[in-house]
$ cat final-v2.cif   # mmCIF, N, CA and C atoms
data_model
#
loop_
_atom_site.label_atom_id
_atom_site.label_comp_id
_atom_site.auth_asym_id
_atom_site.auth_seq_id
_atom_site.Cartn_x
_atom_site.Cartn_y
_atom_site.Cartn_z
N GLN A 20 0.84 -1.18 0.00
CA GLN A 20 0.00 0.00 0.00
C GLN A 20 0.88 1.24 0.00
N LEU A 21 0.55 2.18 -0.87
CA LEU A 21 1.33 3.41 -0.97
C LEU A 21 0.79 4.41 0.04
N GLN A 22 1.64 4.85 0.93
CA GLN A 22 1.18 5.80 1.93
C GLN A 22 2.35 6.56 2.54
N LEU A 23 2.00 7.68 3.15
CA LEU A 23 2.93 8.43 3.97
C LEU A 23 2.50 8.30 5.42
N VAL A 24 3.46 8.17 6.29
CA VAL A 24 3.17 8.00 7.71
C VAL A 24 3.91 9.07 8.50
N GLU A 25 3.13 9.85 9.24
CA GLU A 25 3.72 10.89 10.08
C GLU A 25 3.92 10.35 11.50
N SER A 26 4.95 10.85 12.16
CA SER A 26 5.20 10.49 13.55
C SER A 26 5.95 11.61 14.23
N GLY A 27 6.05 11.52 15.56
CA GLY A 27 6.84 12.48 16.31
C GLY A 27 6.05 13.53 17.04
N GLY A 28 4.73 13.52 16.90
CA GLY A 28 3.92 14.49 17.61
C GLY A 28 3.84 14.18 19.09
N GLY A 29 3.22 15.08 19.82
CA GLY A 29 3.07 14.87 21.25
C GLY A 29 2.69 16.14 21.96
N LEU A 30 2.79 16.09 23.27
CA LEU A 30 2.49 17.24 24.12
C LEU A 30 3.81 17.91 24.52
N VAL A 31 3.88 19.20 24.32
CA VAL A 31 5.09 19.95 24.64
C VAL A 31 4.70 21.29 25.24
N GLN A 32 5.53 21.82 26.10
CA GLN A 32 5.27 23.11 26.71
C GLN A 32 5.61 24.24 25.74
N PRO A 33 4.98 25.39 25.91
CA PRO A 33 5.35 26.53 25.07
C PRO A 33 6.85 26.81 25.15
N GLY A 34 7.42 27.08 23.98
CA GLY A 34 8.86 27.28 23.90
C GLY A 34 9.64 26.02 23.63
N GLY A 35 8.98 24.89 23.69
CA GLY A 35 9.64 23.62 23.48
C GLY A 35 9.80 23.26 22.01
N SER A 36 10.33 22.05 21.77
CA SER A 36 10.63 21.60 20.41
C SER A 36 10.09 20.20 20.18
N LEU A 37 9.81 19.92 18.94
CA LEU A 37 9.47 18.58 18.48
C LEU A 37 10.04 18.40 17.08
N ARG A 38 10.33 17.16 16.73
CA ARG A 38 10.72 16.85 15.36
C ARG A 38 9.75 15.83 14.81
N LEU A 39 9.05 16.23 13.76
CA LEU A 39 8.13 15.33 13.09
C LEU A 39 8.85 14.62 11.95
N SER A 40 8.42 13.38 11.72
CA SER A 40 8.97 12.59 10.61
C SER A 40 7.84 12.20 9.68
N CYS A 41 8.17 12.11 8.42
CA CYS A 41 7.23 11.69 7.38
C CYS A 41 7.95 10.62 6.57
N THR A 42 7.47 9.39 6.68
CA THR A 42 8.13 8.26 6.04
C THR A 42 7.22 7.66 4.98
N ALA A 43 7.80 7.35 3.84
CA ALA A 43 7.04 6.75 2.75
C ALA A 43 7.04 5.23 2.87
N SER A 44 5.91 4.68 2.54
CA SER A 44 5.77 3.23 2.53
C SER A 44 5.23 2.82 1.17
N GLY A 45 5.95 1.90 0.53
CA GLY A 45 5.48 1.41 -0.75
C GLY A 45 5.97 2.17 -1.96
N PHE A 46 6.70 3.25 -1.73
CA PHE A 46 7.26 3.99 -2.86
C PHE A 46 8.48 4.77 -2.39
N THR A 47 9.22 5.27 -3.35
CA THR A 47 10.44 6.02 -3.05
C THR A 47 10.12 7.49 -2.92
N LEU A 48 10.44 8.05 -1.77
CA LEU A 48 10.05 9.42 -1.49
C LEU A 48 10.76 10.44 -2.36
N ASP A 49 11.95 10.09 -2.88
CA ASP A 49 12.73 11.12 -3.58
C ASP A 49 12.17 11.48 -4.94
N VAL A 50 11.09 10.84 -5.37
CA VAL A 50 10.48 11.24 -6.64
C VAL A 50 9.47 12.37 -6.43
N TYR A 51 9.31 12.79 -5.17
CA TYR A 51 8.33 13.83 -4.89
C TYR A 51 8.93 14.98 -4.08
N ALA A 52 8.46 16.19 -4.40
CA ALA A 52 8.57 17.25 -3.41
C ALA A 52 7.54 16.94 -2.33
N ILE A 53 7.80 17.41 -1.12
CA ILE A 53 6.94 17.08 0.01
C ILE A 53 6.50 18.36 0.71
N ALA A 54 5.28 18.38 1.14
CA ALA A 54 4.75 19.52 1.89
C ALA A 54 4.19 19.06 3.22
N TRP A 55 4.27 19.94 4.20
CA TRP A 55 3.62 19.74 5.50
C TRP A 55 2.45 20.70 5.62
N PHE A 56 1.35 20.17 6.11
CA PHE A 56 0.16 20.96 6.40
C PHE A 56 -0.20 20.76 7.86
N ARG A 57 -1.09 21.59 8.35
CA ARG A 57 -1.65 21.37 9.67
C ARG A 57 -3.11 21.82 9.68
N GLN A 58 -3.84 21.24 10.60
CA GLN A 58 -5.24 21.65 10.77
C GLN A 58 -5.58 21.63 12.25
N ALA A 59 -5.96 22.79 12.73
CA ALA A 59 -6.38 22.93 14.12
C ALA A 59 -7.90 22.76 14.20
N PRO A 60 -8.41 22.37 15.35
CA PRO A 60 -9.86 22.20 15.49
C PRO A 60 -10.61 23.48 15.12
N GLY A 61 -11.60 23.31 14.26
CA GLY A 61 -12.42 24.44 13.86
C GLY A 61 -11.79 25.39 12.88
N LYS A 62 -10.61 25.03 12.40
CA LYS A 62 -9.91 25.92 11.46
C LYS A 62 -9.65 25.20 10.14
N GLU A 63 -9.37 26.00 9.12
CA GLU A 63 -9.05 25.45 7.82
C GLU A 63 -7.64 24.83 7.84
N ARG A 64 -7.48 23.83 6.99
CA ARG A 64 -6.15 23.27 6.81
C ARG A 64 -5.24 24.34 6.18
N GLU A 65 -4.00 24.39 6.63
CA GLU A 65 -3.08 25.38 6.09
C GLU A 65 -1.73 24.74 5.80
N ALA A 66 -1.13 25.19 4.72
CA ALA A 66 0.21 24.72 4.34
C ALA A 66 1.23 25.47 5.18
N ILE A 67 2.23 24.75 5.66
CA ILE A 67 3.22 25.40 6.51
C ILE A 67 4.64 25.34 5.95
N SER A 68 4.96 24.31 5.17
CA SER A 68 6.32 24.23 4.64
C SER A 68 6.36 23.22 3.51
N CYS A 69 7.37 23.35 2.65
CA CYS A 69 7.57 22.35 1.61
C CYS A 69 9.05 22.27 1.28
N ILE A 70 9.43 21.16 0.64
CA ILE A 70 10.82 20.93 0.26
C ILE A 70 10.85 20.26 -1.10
N SER A 71 11.77 20.69 -1.94
CA SER A 71 11.89 20.14 -3.28
C SER A 71 12.45 18.72 -3.24
N ARG A 72 12.44 18.07 -4.38
CA ARG A 72 12.92 16.70 -4.44
C ARG A 72 14.37 16.57 -4.00
N ASN A 73 15.18 17.51 -4.39
CA ASN A 73 16.60 17.39 -4.04
C ASN A 73 16.95 18.06 -2.71
N GLY A 74 15.94 18.61 -2.06
CA GLY A 74 16.15 19.22 -0.75
C GLY A 74 16.77 20.59 -0.78
N ARG A 75 17.04 21.12 -1.97
CA ARG A 75 17.77 22.40 -2.05
C ARG A 75 16.83 23.60 -1.94
N ILE A 76 15.56 23.40 -2.20
CA ILE A 76 14.58 24.49 -2.14
C ILE A 76 13.59 24.19 -1.02
N THR A 77 13.42 25.16 -0.13
CA THR A 77 12.44 25.04 0.94
C THR A 77 11.64 26.33 1.03
N ASN A 78 10.41 26.20 1.43
CA ASN A 78 9.54 27.36 1.62
C ASN A 78 8.80 27.21 2.94
N TYR A 79 8.45 28.35 3.54
CA TYR A 79 7.77 28.34 4.82
C TYR A 79 6.67 29.39 4.84
N ALA A 80 5.60 29.06 5.56
CA ALA A 80 4.58 30.08 5.84
C ALA A 80 5.19 31.11 6.79
N ASP A 81 4.73 32.32 6.69
CA ASP A 81 5.29 33.39 7.52
C ASP A 81 5.18 33.08 9.01
N PHE A 82 4.11 32.40 9.39
CA PHE A 82 3.87 32.19 10.82
C PHE A 82 4.77 31.11 11.42
N VAL A 83 5.55 30.40 10.61
CA VAL A 83 6.51 29.43 11.16
C VAL A 83 7.94 29.77 10.77
N LYS A 84 8.11 30.75 9.91
CA LYS A 84 9.45 31.09 9.43
C LYS A 84 10.35 31.48 10.60
N GLY A 85 11.54 30.91 10.61
CA GLY A 85 12.47 31.18 11.70
C GLY A 85 12.33 30.24 12.88
N ARG A 86 11.23 29.49 12.92
CA ARG A 86 11.01 28.55 14.02
C ARG A 86 11.03 27.10 13.55
N PHE A 87 10.53 26.85 12.35
CA PHE A 87 10.45 25.50 11.82
C PHE A 87 11.49 25.32 10.72
N THR A 88 12.02 24.09 10.62
CA THR A 88 12.96 23.76 9.57
C THR A 88 12.57 22.43 8.95
N ILE A 89 12.42 22.44 7.63
CA ILE A 89 12.10 21.21 6.91
C ILE A 89 13.39 20.66 6.30
N SER A 90 13.51 19.35 6.29
CA SER A 90 14.69 18.71 5.69
C SER A 90 14.28 17.33 5.21
N ARG A 91 15.17 16.72 4.45
CA ARG A 91 14.87 15.37 3.97
C ARG A 91 16.13 14.55 3.91
N ASP A 92 15.94 13.26 4.12
CA ASP A 92 17.01 12.27 3.98
C ASP A 92 16.46 11.22 3.04
N ASN A 93 16.77 11.38 1.77
CA ASN A 93 16.20 10.46 0.78
C ASN A 93 16.71 9.03 0.96
N ALA A 94 17.89 8.89 1.52
CA ALA A 94 18.40 7.53 1.78
C ALA A 94 17.55 6.80 2.81
N LYS A 95 16.92 7.59 3.72
CA LYS A 95 16.05 7.01 4.73
C LYS A 95 14.58 7.11 4.36
N ASN A 96 14.34 7.65 3.14
CA ASN A 96 12.96 7.75 2.67
C ASN A 96 12.09 8.58 3.61
N THR A 97 12.68 9.62 4.18
CA THR A 97 12.01 10.38 5.24
C THR A 97 12.21 11.88 5.06
N VAL A 98 11.16 12.62 5.37
CA VAL A 98 11.23 14.07 5.46
C VAL A 98 10.95 14.46 6.90
N TYR A 99 11.65 15.48 7.37
CA TYR A 99 11.53 15.91 8.76
C TYR A 99 10.99 17.34 8.83
N LEU A 100 10.35 17.63 9.96
CA LEU A 100 9.96 19.00 10.27
C LEU A 100 10.40 19.27 11.71
N GLN A 101 11.48 20.02 11.84
CA GLN A 101 11.96 20.42 13.16
C GLN A 101 11.21 21.66 13.59
N MET A 102 10.55 21.58 14.72
CA MET A 102 9.73 22.68 15.22
C MET A 102 10.29 23.18 16.54
N ASN A 103 10.73 24.40 16.55
CA ASN A 103 11.29 25.02 17.75
C ASN A 103 10.42 26.19 18.19
N SER A 104 10.63 26.64 19.41
CA SER A 104 9.90 27.79 19.94
C SER A 104 8.39 27.64 19.73
N LEU A 105 7.91 26.49 20.07
CA LEU A 105 6.49 26.19 19.82
C LEU A 105 5.58 27.07 20.66
N LYS A 106 4.45 27.40 20.06
CA LYS A 106 3.44 28.27 20.69
C LYS A 106 2.12 27.50 20.81
N PRO A 107 1.27 27.90 21.72
CA PRO A 107 -0.03 27.22 21.83
C PRO A 107 -0.80 27.23 20.51
N GLU A 108 -0.64 28.27 19.72
CA GLU A 108 -1.35 28.33 18.44
C GLU A 108 -0.80 27.37 17.40
N ASP A 109 0.29 26.69 17.70
CA ASP A 109 0.80 25.65 16.82
C ASP A 109 0.08 24.32 17.03
N THR A 110 -0.77 24.26 18.03
CA THR A 110 -1.51 23.04 18.30
C THR A 110 -2.40 22.68 17.12
N ALA A 111 -2.22 21.46 16.60
CA ALA A 111 -2.94 21.03 15.41
C ALA A 111 -2.55 19.59 15.11
N VAL A 112 -3.26 19.00 14.16
CA VAL A 112 -2.82 17.75 13.56
C VAL A 112 -1.97 18.12 12.35
N TYR A 113 -0.79 17.53 12.29
CA TYR A 113 0.17 17.82 11.23
C TYR A 113 0.21 16.68 10.23
N TYR A 114 0.16 17.04 8.95
CA TYR A 114 0.14 16.08 7.87
C TYR A 114 1.29 16.34 6.90
N CYS A 115 1.81 15.28 6.31
CA CYS A 115 2.71 15.46 5.18
C CYS A 115 2.02 14.88 3.94
N THR A 116 2.44 15.37 2.80
CA THR A 116 1.82 14.94 1.57
C THR A 116 2.80 15.11 0.41
N ALA A 117 2.63 14.31 -0.62
CA ALA A 117 3.48 14.37 -1.79
C ALA A 117 2.95 15.41 -2.77
N ASP A 118 3.83 16.30 -3.16
CA ASP A 118 3.46 17.39 -4.07
C ASP A 118 3.66 16.93 -5.51
N GLN A 119 2.58 16.62 -6.18
CA GLN A 119 2.68 16.10 -7.54
C GLN A 119 3.12 17.17 -8.54
N LEU A 120 3.01 18.43 -8.14
CA LEU A 120 3.38 19.52 -9.04
C LEU A 120 4.79 20.03 -8.75
N GLY A 121 5.42 19.51 -7.71
CA GLY A 121 6.76 19.94 -7.38
C GLY A 121 7.80 19.17 -8.15
N GLY A 122 9.04 19.59 -8.05
CA GLY A 122 10.11 18.94 -8.78
C GLY A 122 11.43 19.04 -8.05
N ARG A 123 12.52 18.86 -8.78
CA ARG A 123 13.84 18.90 -8.16
C ARG A 123 14.15 20.27 -7.59
N TRP A 124 13.67 21.32 -8.26
CA TRP A 124 14.03 22.68 -7.86
C TRP A 124 12.83 23.52 -7.48
N ASN A 125 11.72 22.92 -7.15
CA ASN A 125 10.59 23.71 -6.70
C ASN A 125 9.66 22.87 -5.85
N CYS A 126 8.87 23.55 -5.06
CA CYS A 126 7.83 22.89 -4.28
C CYS A 126 6.74 23.93 -4.03
N GLY A 127 5.55 23.46 -3.74
CA GLY A 127 4.43 24.37 -3.59
C GLY A 127 3.75 24.25 -2.25
N MET A 128 3.16 25.34 -1.81
CA MET A 128 2.37 25.38 -0.59
C MET A 128 1.00 25.91 -0.95
N ARG A 129 0.09 25.02 -1.26
CA ARG A 129 -1.24 25.39 -1.75
C ARG A 129 -2.26 25.01 -0.69
N ASP A 130 -2.81 25.98 -0.03
CA ASP A 130 -3.78 25.73 1.03
C ASP A 130 -5.00 24.95 0.53
N SER A 131 -5.26 25.03 -0.76
CA SER A 131 -6.41 24.32 -1.31
C SER A 131 -6.24 22.81 -1.19
N GLY A 132 -4.98 22.36 -1.11
CA GLY A 132 -4.72 20.92 -1.04
C GLY A 132 -4.75 20.23 -2.39
N SER A 133 -4.94 21.00 -3.46
CA SER A 133 -5.01 20.38 -4.78
C SER A 133 -3.59 20.08 -5.29
N GLY A 134 -3.46 18.99 -6.03
CA GLY A 134 -2.16 18.62 -6.58
C GLY A 134 -1.27 17.87 -5.63
N TYR A 135 -1.82 17.41 -4.54
CA TYR A 135 -1.07 16.61 -3.59
C TYR A 135 -1.65 15.20 -3.54
N ASP A 136 -0.83 14.26 -3.13
CA ASP A 136 -1.29 12.88 -3.06
C ASP A 136 -0.68 12.20 -1.84
N TYR A 137 -1.24 11.05 -1.49
CA TYR A 137 -0.74 10.21 -0.40
C TYR A 137 -0.75 10.94 0.93
N TRP A 138 -1.89 11.50 1.28
CA TRP A 138 -2.03 12.12 2.59
C TRP A 138 -1.94 11.05 3.67
N GLY A 139 -1.16 11.35 4.74
CA GLY A 139 -1.08 10.43 5.86
C GLY A 139 -2.22 10.66 6.84
N GLN A 140 -2.18 9.92 7.96
CA GLN A 140 -3.21 10.04 8.99
C GLN A 140 -2.98 11.24 9.90
N GLY A 141 -1.78 11.77 9.86
CA GLY A 141 -1.48 12.94 10.67
C GLY A 141 -0.92 12.55 12.03
N THR A 142 -0.27 13.52 12.65
CA THR A 142 0.24 13.34 14.01
C THR A 142 -0.14 14.57 14.82
N GLN A 143 -0.65 14.33 16.02
CA GLN A 143 -1.16 15.42 16.85
C GLN A 143 -0.01 16.12 17.57
N VAL A 144 -0.01 17.43 17.47
CA VAL A 144 0.93 18.26 18.22
C VAL A 144 0.11 19.16 19.14
N THR A 145 0.38 19.08 20.42
CA THR A 145 -0.32 19.90 21.41
C THR A 145 0.71 20.71 22.19
N VAL A 146 0.54 22.02 22.16
CA VAL A 146 1.46 22.91 22.87
C VAL A 146 0.67 23.55 24.01
N SER A 147 1.03 23.15 25.22
CA SER A 147 0.27 23.61 26.38
C SER A 147 1.12 23.49 27.63
N SER A 148 0.89 24.39 28.56
CA SER A 148 1.59 24.32 29.84
C SER A 148 0.74 23.54 30.85
#

$ encode --input "final-v2.cif" --output "structure tokens"
Amino acid sequence: QLQLVESGGGLVQPGGSLRLSCTASGFTLDVYAIAWFRQAPGKEREAISCISRNGRITNYADFVKGRFTISRDNAKNTVYLQMNSLKPEDTAVYYCTADQLGGRWNCGMRDSGSGYDYWGQGTQVTVSS
């Protein structure tokens, strides 16, 4: 079965850090650019970061820029999202997805969710004291 699996979520205090992982199952991750999304209760899903196939191009939403870092290890078939200086408003379910429109030197962050495939089940991140 072709799927992406997110892991690494949990409960963390404000100002803390978490590293999320996105691992591909059934296919090779390096053929896709990858994006991370999140969705908080009662809110729309929003794109937060993406990384190109070769890892050289990354993009971030303004509200995570400087705090989150996306990276990939194609040898491990995994993309990571390092989240630092977490805030209560970062509480959400975090998803990774394959960007079918991305390539070696580009990736997209489309809040509409169109052009992405292999959505995972998500991992819950809760930031609370």

$ resolve_selection --input "final-v2.cif" --expression "the PyMOL selection byres ((chain A and resi 118) around 7)" --output "PyMOL selection string"
chain A and resi 51-54+116-117+119-122+127+134-136

$ select_by_dssp --input "final-v2.cif" --residues "region 29-137 of chain A" --states "strand (DSSP E or B)" --output "PyMOL selection string"
chain A and resi 29-31+37-44+52-58+65-70+77-79+87-92+97-102+111-118+122+125+135-136

$ write_last_selection --input "final-v2.cif" --atoms "N, CA and C atoms" --output "short mmCIF file (atom, residue, chain, number, x, y, z; two decimals), in the coordinates of the input"
data_model
loop_
_atom_site.label_atom_id
_atom_site.label_comp_id
_atom_site.auth_asym_id
_atom_site.auth_seq_id
_atom_site.Cartn_x
_atom_site.Cartn_y
_atom_site.Cartn_z
N GLY A 29 3.22 15.08 19.82
CA GLY A 29 3.07 14.87 21.25
C GLY A 29 2.69 16.14 21.96
N LEU A 30 2.79 16.09 23.27
CA LEU A 30 2.49 17.24 24.12
C LEU A 30 3.81 17.91 24.52
N VAL A 31 3.88 19.20 24.32
CA VAL A 31 5.09 19.95 24.64
C VAL A 31 4.70 21.29 25.24
N LEU A 37 9.81 19.92 18.94
CA LEU A 37 9.47 18.58 18.48
C LEU A 37 10.04 18.40 17.08
N ARG A 38 10.33 17.16 16.73
CA ARG A 38 10.72 16.85 15.36
C ARG A 38 9.75 15.83 14.81
N LEU A 39 9.05 16.23 13.76
CA LEU A 39 8.13 15.33 13.09
C LEU A 39 8.85 14.62 11.95
N SER A 40 8.42 13.38 11.72
CA SER A 40 8.97 12.59 10.61
C SER A 40 7.84 12.20 9.68
N CYS A 41 8.17 12.11 8.42
CA CYS A 41 7.23 11.69 7.38
C CYS A 41 7.95 10.62 6.57
N THR A 42 7.47 9.39 6.68
CA THR A 42 8.13 8.26 6.04
C THR A 42 7.22 7.66 4.98
N ALA A 43 7.80 7.35 3.84
CA ALA A 43 7.04 6.75 2.75
C ALA A 43 7.04 5.23 2.87
N SER A 44 5.91 4.68 2.54
CA SER A 44 5.77 3.23 2.53
C SER A 44 5.23 2.82 1.17
N ALA A 52 8.46 16.19 -4.40
CA ALA A 52 8.57 17.25 -3.41
C ALA A 52 7.54 16.94 -2.33
N ILE A 53 7.80 17.41 -1.12
CA ILE A 53 6.94 17.08 0.01
C ILE A 53 6.50 18.36 0.71
N ALA A 54 5.28 18.38 1.14
CA ALA A 54 4.75 19.52 1.89
C ALA A 54 4.19 19.06 3.22
N TRP A 55 4.27 19.94 4.20
CA TRP A 55 3.62 19.74 5.50
C TRP A 55 2.45 20.70 5.62
N PHE A 56 1.35 20.17 6.11
CA PHE A 56 0.16 20.96 6.40
C PHE A 56 -0.20 20.76 7.86
N ARG A 57 -1.09 21.59 8.35
CA ARG A 57 -1.65 21.37 9.67
C ARG A 57 -3.11 21.82 9.68
N GLN A 58 -3.84 21.24 10.60
CA GLN A 58 -5.24 21.65 10.77
C GLN A 58 -5.58 21.63 12.25
N GLU A 65 -4.00 24.39 6.63
CA GLU A 65 -3.08 25.38 6.09
C GLU A 65 -1.73 24.74 5.80
N ALA A 66 -1.13 25.19 4.72
CA ALA A 66 0.21 24.72 4.34
C ALA A 66 1.23 25.47 5.18
N ILE A 67 2.23 24.75 5.66
CA ILE A 67 3.22 25.40 6.51
C ILE A 67 4.64 25.34 5.95
N SER A 68 4.96 24.31 5.17
CA SER A 68 6.32 24.23 4.64
C SER A 68 6.36 23.22 3.51
N CYS A 69 7.37 23.35 2.65
CA CYS A 69 7.57 22.35 1.61
C CYS A 69 9.05 22.27 1.28
N ILE A 70 9.43 21.16 0.64
CA ILE A 70 10.82 20.93 0.26
C ILE A 70 10.85 20.26 -1.10
N THR A 77 13.42 25.16 -0.13
CA THR A 77 12.44 25.04 0.94
C THR A 77 11.64 26.33 1.03
N ASN A 78 10.41 26.20 1.43
CA ASN A 78 9.54 27.36 1.62
C ASN A 78 8.80 27.21 2.94
N TYR A 79 8.45 28.35 3.54
CA TYR A 79 7.77 28.34 4.82
C TYR A 79 6.67 29.39 4.84
N PHE A 87 10.53 26.85 12.35
CA PHE A 87 10.45 25.50 11.82
C PHE A 87 11.49 25.32 10.72
N THR A 88 12.02 24.09 10.62
CA THR A 88 12.96 23.76 9.57
C THR A 88 12.57 22.43 8.95
N ILE A 89 12.42 22.44 7.63
CA ILE A 89 12.10 21.21 6.91
C ILE A 89 13.39 20.66 6.30
N SER A 90 13.51 19.35 6.29
CA SER A 90 14.69 18.71 5.69
C SER A 90 14.28 17.33 5.21
N ARG A 91 15.17 16.72 4.45
CA ARG A 91 14.87 15.37 3.97
C ARG A 91 16.13 14.55 3.91
N ASP A 92 15.94 13.26 4.12
CA ASP A 92 17.01 12.27 3.98
C ASP A 92 16.46 11.22 3.04
N THR A 97 12.68 9.62 4.18
CA THR A 97 12.01 10.38 5.24
C THR A 97 12.21 11.88 5.06
N VAL A 98 11.16 12.62 5.37
CA VAL A 98 11.23 14.07 5.46
C VAL A 98 10.95 14.46 6.90
N TYR A 99 11.65 15.48 7.37
CA TYR A 99 11.53 15.91 8.76
C TYR A 99 10.99 17.34 8.83
N LEU A 100 10.35 17.63 9.96
CA LEU A 100 9.96 19.00 10.27
C LEU A 100 10.40 19.27 11.71
N GLN A 101 11.48 20.02 11.84
CA GLN A 101 11.96 20.42 13.16
C GLN A 101 11.21 21.66 13.59
N MET A 102 10.55 21.58 14.72
CA MET A 102 9.73 22.68 15.22
C MET A 102 10.29 23.18 16.54
N ALA A 111 -2.22 21.46 16.60
CA ALA A 111 -2.94 21.03 15.41
C ALA A 111 -2.55 19.59 15.11
N VAL A 112 -3.26 19.00 14.16
CA VAL A 112 -2.82 17.75 13.56
C VAL A 112 -1.97 18.12 12.35
N TYR A 113 -0.79 17.53 12.29
CA TYR A 113 0.17 17.82 11.23
C TYR A 113 0.21 16.68 10.23
N TYR A 114 0.16 17.04 8.95
CA TYR A 114 0.14 16.08 7.87
C TYR A 114 1.29 16.34 6.90
N CYS A 115 1.81 15.28 6.31
CA CYS A 115 2.71 15.46 5.18
C CYS A 115 2.02 14.88 3.94
N THR A 116 2.44 15.37 2.80
CA THR A 116 1.82 14.94 1.57
C THR A 116 2.80 15.11 0.41
N ALA A 117 2.63 14.31 -0.62
CA ALA A 117 3.48 14.37 -1.79
C ALA A 117 2.95 15.41 -2.77
N ASP A 118 3.83 16.30 -3.16
CA ASP A 118 3.46 17.39 -4.07
C ASP A 118 3.66 16.93 -5.51
N GLY A 122 9.04 19.59 -8.05
CA GLY A 122 10.11 18.94 -8.78
C GLY A 122 11.43 19.04 -8.05
N ASN A 125 11.72 22.92 -7.15
CA ASN A 125 10.59 23.71 -6.70
C ASN A 125 9.66 22.87 -5.85
N TYR A 135 -1.82 17.41 -4.54
CA TYR A 135 -1.07 16.61 -3.59
C TYR A 135 -1.65 15.20 -3.54
N ASP A 136 -0.83 14.26 -3.13
CA ASP A 136 -1.29 12.88 -3.06
C ASP A 136 -0.68 12.20 -1.84
#

$ closest_residue --input "final-v2.cif" --among "A:Val112, A:Ile76, A:Val144, A:Ile67" --to "Asp130 (chain A)" --atoms "only C-alpha atoms"
A:Ile67

$ resolve_selection --input "final-v2.cif" --expression "the PyMOL selection byres ((chain A and resi 79-84) around 8)" --output "MDAnalysis selection string"
chainID A and resid 66:70 77:78 85:88 128

$ atom_distance --input "final-v2.cif" --atom1 "atom C of Pro33 (chain A)" --atom2 "CA of Cys115 (chain A)"
23.3 Å

$ atom_distance --input "final-v2.cif" --atom1 "CA of Cys41 (chain A)" --atom2 "atom C of Glu25 (chain A)"
5.5 Å

$ residues_around --input "final-v2.cif" --residues "Ser40 (chain A)" --least-positions-apart "3" --cutoff "7 Å" --atoms "only N, CA and C atoms" --output "PyMOL selection string"
chain A and resi 24-28+97-100

$ write_last_selection --input "final-v2.cif" --atoms "N, CA and C atoms" --output "compact mmCIF listing (two decimals), in the frame of the given file"
# COMPACT_ATOMS: atom_id res chain seq x y z
N VAL A 24 3.46 8.17 6.29
CA VAL A 24 3.17 8.00 7.71
C VAL A 24 3.91 9.07 8.50
N GLU A 25 3.13 9.85 9.24
CA GLU A 25 3.72 10.89 10.08
C GLU A 25 3.92 10.35 11.50
N SER A 26 4.95 10.85 12.16
CA SER A 26 5.20 10.49 13.55
C SER A 26 5.95 11.61 14.23
N GLY A 27 6.05 11.52 15.56
CA GLY A 27 6.84 12.48 16.31
C GLY A 27 6.05 13.53 17.04
N GLY A 28 4.73 13.52 16.90
CA GLY A 28 3.92 14.49 17.61
C GLY A 28 3.84 14.18 19.09
N THR A 97 12.68 9.62 4.18
CA THR A 97 12.01 10.38 5.24
C THR A 97 12.21 11.88 5.06
N VAL A 98 11.16 12.62 5.37
CA VAL A 98 11.23 14.07 5.46
C VAL A 98 10.95 14.46 6.90
N TYR A 99 11.65 15.48 7.37
CA TYR A 99 11.53 15.91 8.76
C TYR A 99 10.99 17.34 8.83
N LEU A 100 10.35 17.63 9.96
CA LEU A 100 9.96 19.00 10.27
C LEU A 100 10.40 19.27 11.71

$ closest_residue --input "final-v2.cif" --among "A:Ile89, A:Asn96, A:Glu65, A:Asp49" --to "Arg129 (chain A)" --atoms "only N, CA and C atoms"
A:Glu65

$ closest_residue --input "final-v2.cif" --among "A:Trp124, A:Phe46, A:Tyr113, A:Phe56" --to "Asn73 (chain A)" --atoms "only C-alpha atoms"
A:Trp124

$ axis_aligned_box --input "final-v2.cif" --around "region 129-136 of chain A" --padding-each-side "6 Å" --output "JSON"
{"center_x": -3.2, "center_y": 19.1, "center_z": -2.8, "size_x": 18.5, "size_y": 25.8, "size_z": 19.6}

$ closest_residue --input "final-v2.cif" --among "A:Gln58, A:Ser71, A:Gln20, A:Thr42" --to "Asn125 (chain A)" --atoms "all atoms listed in the file"
A:Ser71

$ residues_around --input "final-v2.cif" --residues "Gln32 (chain A)" --least-positions-apart "5" --cutoff "6 Å" --atoms "all atoms listed in the file" --output "JSON, numbers by chain"
{"A": [105, 146, 147, 148]}

$ build_atoms --input "final-v2.cif" --residues "region 137-142 of chain A" --atoms "N, CA, C and O atoms" --output "PDB file, keeping the file's coordinate frame"
ATOM      1  N   TYR A 137      -1.240  11.050  -1.490  1.00  0.00           N
ATOM      2  CA  TYR A 137      -0.740  10.210  -0.400  1.00  0.00           C
ATOM      3  C   TYR A 137      -0.750  10.940   0.930  1.00  0.00           C
ATOM      4  O   TYR A 137       0.249  11.004   1.654  1.00  0.00           O
ATOM      5  N   TRP A 138      -1.890  11.500   1.280  1.00  0.00           N
ATOM      6  CA  TRP A 138      -2.030  12.120   2.590  1.00  0.00           C
ATOM      7  C   TRP A 138      -1.940  11.050   3.670  1.00  0.00           C
ATOM      8  O   TRP A 138      -2.563   9.997   3.584  1.00  0.00           O
ATOM      9  N   GLY A 139      -1.160  11.350   4.740  1.00  0.00           N
ATOM     10  CA  GLY A 139      -1.080  10.430   5.860  1.00  0.00           C
ATOM     11  C   GLY A 139      -2.220  10.660   6.840  1.00  0.00           C
ATOM     12  O   GLY A 139      -3.112  11.474   6.602  1.00  0.00           O
ATOM     13  N   GLN A 140      -2.180   9.920   7.960  1.00  0.00           N
ATOM     14  CA  GLN A 140      -3.210  10.040   8.990  1.00  0.00           C
ATOM     15  C   GLN A 140      -2.980  11.240   9.900  1.00  0.00           C
ATOM     16  O   GLN A 140      -3.875  11.664  10.618  1.00  0.00           O
ATOM     17  N   GLY A 141      -1.780  11.770   9.860  1.00  0.00           N
ATOM     18  CA  GLY A 141      -1.480  12.940  10.670  1.00  0.00           C
ATOM     19  C   GLY A 141      -0.920  12.550  12.030  1.00  0.00           C
ATOM     20  O   GLY A 141      -1.077  11.424  12.501  1.00  0.00           O
ATOM     21  N   THR A 142      -0.270  13.520  12.650  1.00  0.00           N
ATOM     22  CA  THR A 142       0.240  13.340  14.010  1.00  0.00           C
ATOM     23  C   THR A 142      -0.140  14.570  14.820  1.00  0.00           C
ATOM     24  O   THR A 142       0.006  15.704  14.360  1.00  0.00           O
TER      25      THR A 142
END
